[in-house]
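Undergrad: Can you keep this structure in mind? I'll have questions shortly.
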Amino acid sequence: MFRGILLVTCKEGEVGALQIGMMGTINAEQIAATSEKTRDALIKRHAMGKNPGGTAYGYEKRIAYDLNGERTRGLQQIVPAQAAIVVRIFEDYAAGISPGSIVRRLNEEGVPPPRSGRRDRATSSSPPAWTPNTLTGNAERGTGILNNQLYVGRRAYARQTYRKNPDTGKRHAFLNAEEQQATTVAAPGLRIVSDTLWQSVKDRQQSLRRGPMKARDAVPALPFFAQQRPKYLTSGKMTCGECGSSYAKSGRTRFGCQGASKKGPAFCGNRLTIRQADLDARILSGLANEMVRDEVLAVFIEEYAKETARLEASATDIQP
């Protein structure tokens, strides 16, 4: 309306406020109905003993066809080489080795991590690597290698759902209520870990759990993203010059490379850290001294004028 441009569709013709409101509501309802039907179909596939989702580490898709020549969906089989790594992880953890030490050994030996076909998000040429969270995950939601029940021949499904935060656009996982979770089904042909070894891992996890500081019913439960540490002046703005990983809090008052800390020296050898107070002082000093020089201001003003002109041109440019 501000630009004097009409919105026209082949079906509805000229689109007005009534069409926008009604069709927007109908489309949103249709998307929700489609999502519900998709979930019901996946739960039905799960009840049939088939894989309704992604493929966990240690397994791969198994191709098979029925009598009519149609491919049977949701079949899996064990990958022996990866299964051996899974057993090794469980045995090391049950023996008292920390997840950090386990992943460092795996990275040093060059063992490909899960989803090794994807590049790390770090802006570098460093190969993908194991992280402690790959092993530990979230025990309550059943994520992480050490919590995957499929390794003992039990397939769980629909334990969590994802919802998008409208403020950040990021997805967050939420644990489903018990009545919303699908019934666990047996998958004995996919067992990799023995019940004895699985129970040893569960016993160690239970012994390492920290007791709650206060009663759960005394303090309202908060989602994970609402319990994170507060942001600082440099939060999310620093990267390691060696591997490209983020530089974040490493201890109470220091920042360090997260790649070197979590993935070990095989991934990044930068073990340098810096105090938060020293880092803030350096940045503020640079802003107060270096950024107010005449030559720096001249470049800034020139670039600001160019960017402003570009934005104005793109805003007034009406595409045919």
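Residue numbers start at 1 in each chain; chains themselves are named A, B, ... in the order of the structure tokens; ligands are numbered from 1 in the order shown.
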Applying 8 Å and only C-alpha atoms, which residues near A:Arg275 remain after dropping the ones on its own chain fewer than 5 positions away? List them as an MDAnalysis selection string.
TA: chainID A and resid 253:255
Undergrad: At a cut-off of 10 Å, using only C-alpha atoms, what residues contact stretch 260-269 of chain A? Leave out same-chain residues fewer than 5 positions from it and give the result as a PyMOL selection string.
TA: chain A and resi 99-110+126-133+240+242-245+247+250
Undergrad: Could I get the residues of stretch 107-199 of chain A with an atom no further than 10 Å from an atom of stretch 48-52 of chain A, each paired with its nearest atom pair and that distance in Å to one decimal, using only C-alpha atoms, sorted by chain and residue number, as a tab-separated table?
TA:
residue	atom	partner	partner_atom	distance
A:Arg154	CA	A:Gly49	CA	9.7
A:Arg155	CA	A:Gly49	CA	7.9
A:Ala156	CA	A:Asn51	CA	9.9
A:Tyr157	CA	A:Pro52	CA	8.0
A:Ala158	CA	A:Pro52	CA	9.7
A:Thr184	CA	A:Gly49	CA	9.4
A:Val185	CA	A:Gly49	CA	6.4
A:Ala186	CA	A:Gly49	CA	7.2
A:Ala187	CA	A:Gly49	CA	6.8
Undergrad: Where in stretch 107-315 of chain A does DSSP assign strand (DSSP E), given as number ranges by chain?
TA: A: 154-157, 160-164, 171-175, 182-186, 247-249, 254-257, 273-275
Undergrad: Please produce an output containing C-alpha atoms for each residue in the selection, written as a PDB file, in the first residue's frame.
TA:
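Written out: part27.pdb:
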ATOM      1  CA  ARG A 154      15.123 -51.172  22.197  1.00  0.00           C
ATOM      2  CA  ARG A 155      13.788 -48.485  19.875  1.00  0.00           C
ATOM      3  CA  ALA A 156      12.335 -45.376  21.526  1.00  0.00           C
ATOM      4  CA  TYR A 157      10.569 -42.592  19.647  1.00  0.00           C
ATOM      5  CA  GLN A 160      11.105 -34.840  22.491  1.00  0.00           C
ATOM      6  CA  THR A 161       9.702 -32.166  20.224  1.00  0.00           C
ATOM      7  CA  TYR A 162      11.264 -29.067  18.714  1.00  0.00           C
ATOM      8  CA  ARG A 163       9.776 -25.601  18.841  1.00  0.00           C
ATOM      9  CA  LYS A 164      11.169 -22.472  17.244  1.00  0.00           C
ATOM     10  CA  ARG A 171      14.912 -24.501  17.432  1.00  0.00           C
ATOM     11  CA  HIS A 172      14.857 -25.776  21.016  1.00  0.00           C
ATOM     12  CA  ALA A 173      14.133 -29.308  22.207  1.00  0.00           C
ATOM     13  CA  PHE A 174      11.462 -30.009  24.820  1.00  0.00           C
ATOM     14  CA  LEU A 175      10.827 -33.320  26.575  1.00  0.00           C
ATOM     15  CA  ALA A 182       5.612 -43.664  21.613  1.00  0.00           C
ATOM     16  CA  THR A 183       5.839 -47.082  23.250  1.00  0.00           C
ATOM     17  CA  THR A 184       9.341 -48.526  23.117  1.00  0.00           C
ATOM     18  CA  VAL A 185       9.513 -51.507  20.760  1.00  0.00           C
ATOM     19  CA  ALA A 186      12.001 -54.365  20.683  1.00  0.00           C
ATOM     20  CA  TYR A 247      36.393 -18.456  21.714  1.00  0.00           C
ATOM     21  CA  ALA A 248      34.119 -18.742  24.744  1.00  0.00           C
ATOM     22  CA  LYS A 249      34.210 -18.962  28.533  1.00  0.00           C
ATOM     23  CA  ARG A 254      38.897 -16.770  31.173  1.00  0.00           C
ATOM     24  CA  PHE A 255      38.137 -17.268  27.485  1.00  0.00           C
ATOM     25  CA  GLY A 256      39.642 -20.070  25.401  1.00  0.00           C
ATOM     26  CA  CYS A 257      39.279 -21.996  22.145  1.00  0.00           C
ATOM     27  CA  THR A 273      43.483 -18.308  27.200  1.00  0.00           C
ATOM     28  CA  ILE A 274      42.853 -14.718  28.198  1.00  0.00           C
ATOM     29  CA  ARG A 275      41.226 -13.139  31.225  1.00  0.00           C
TER      30      ARG A 275
END
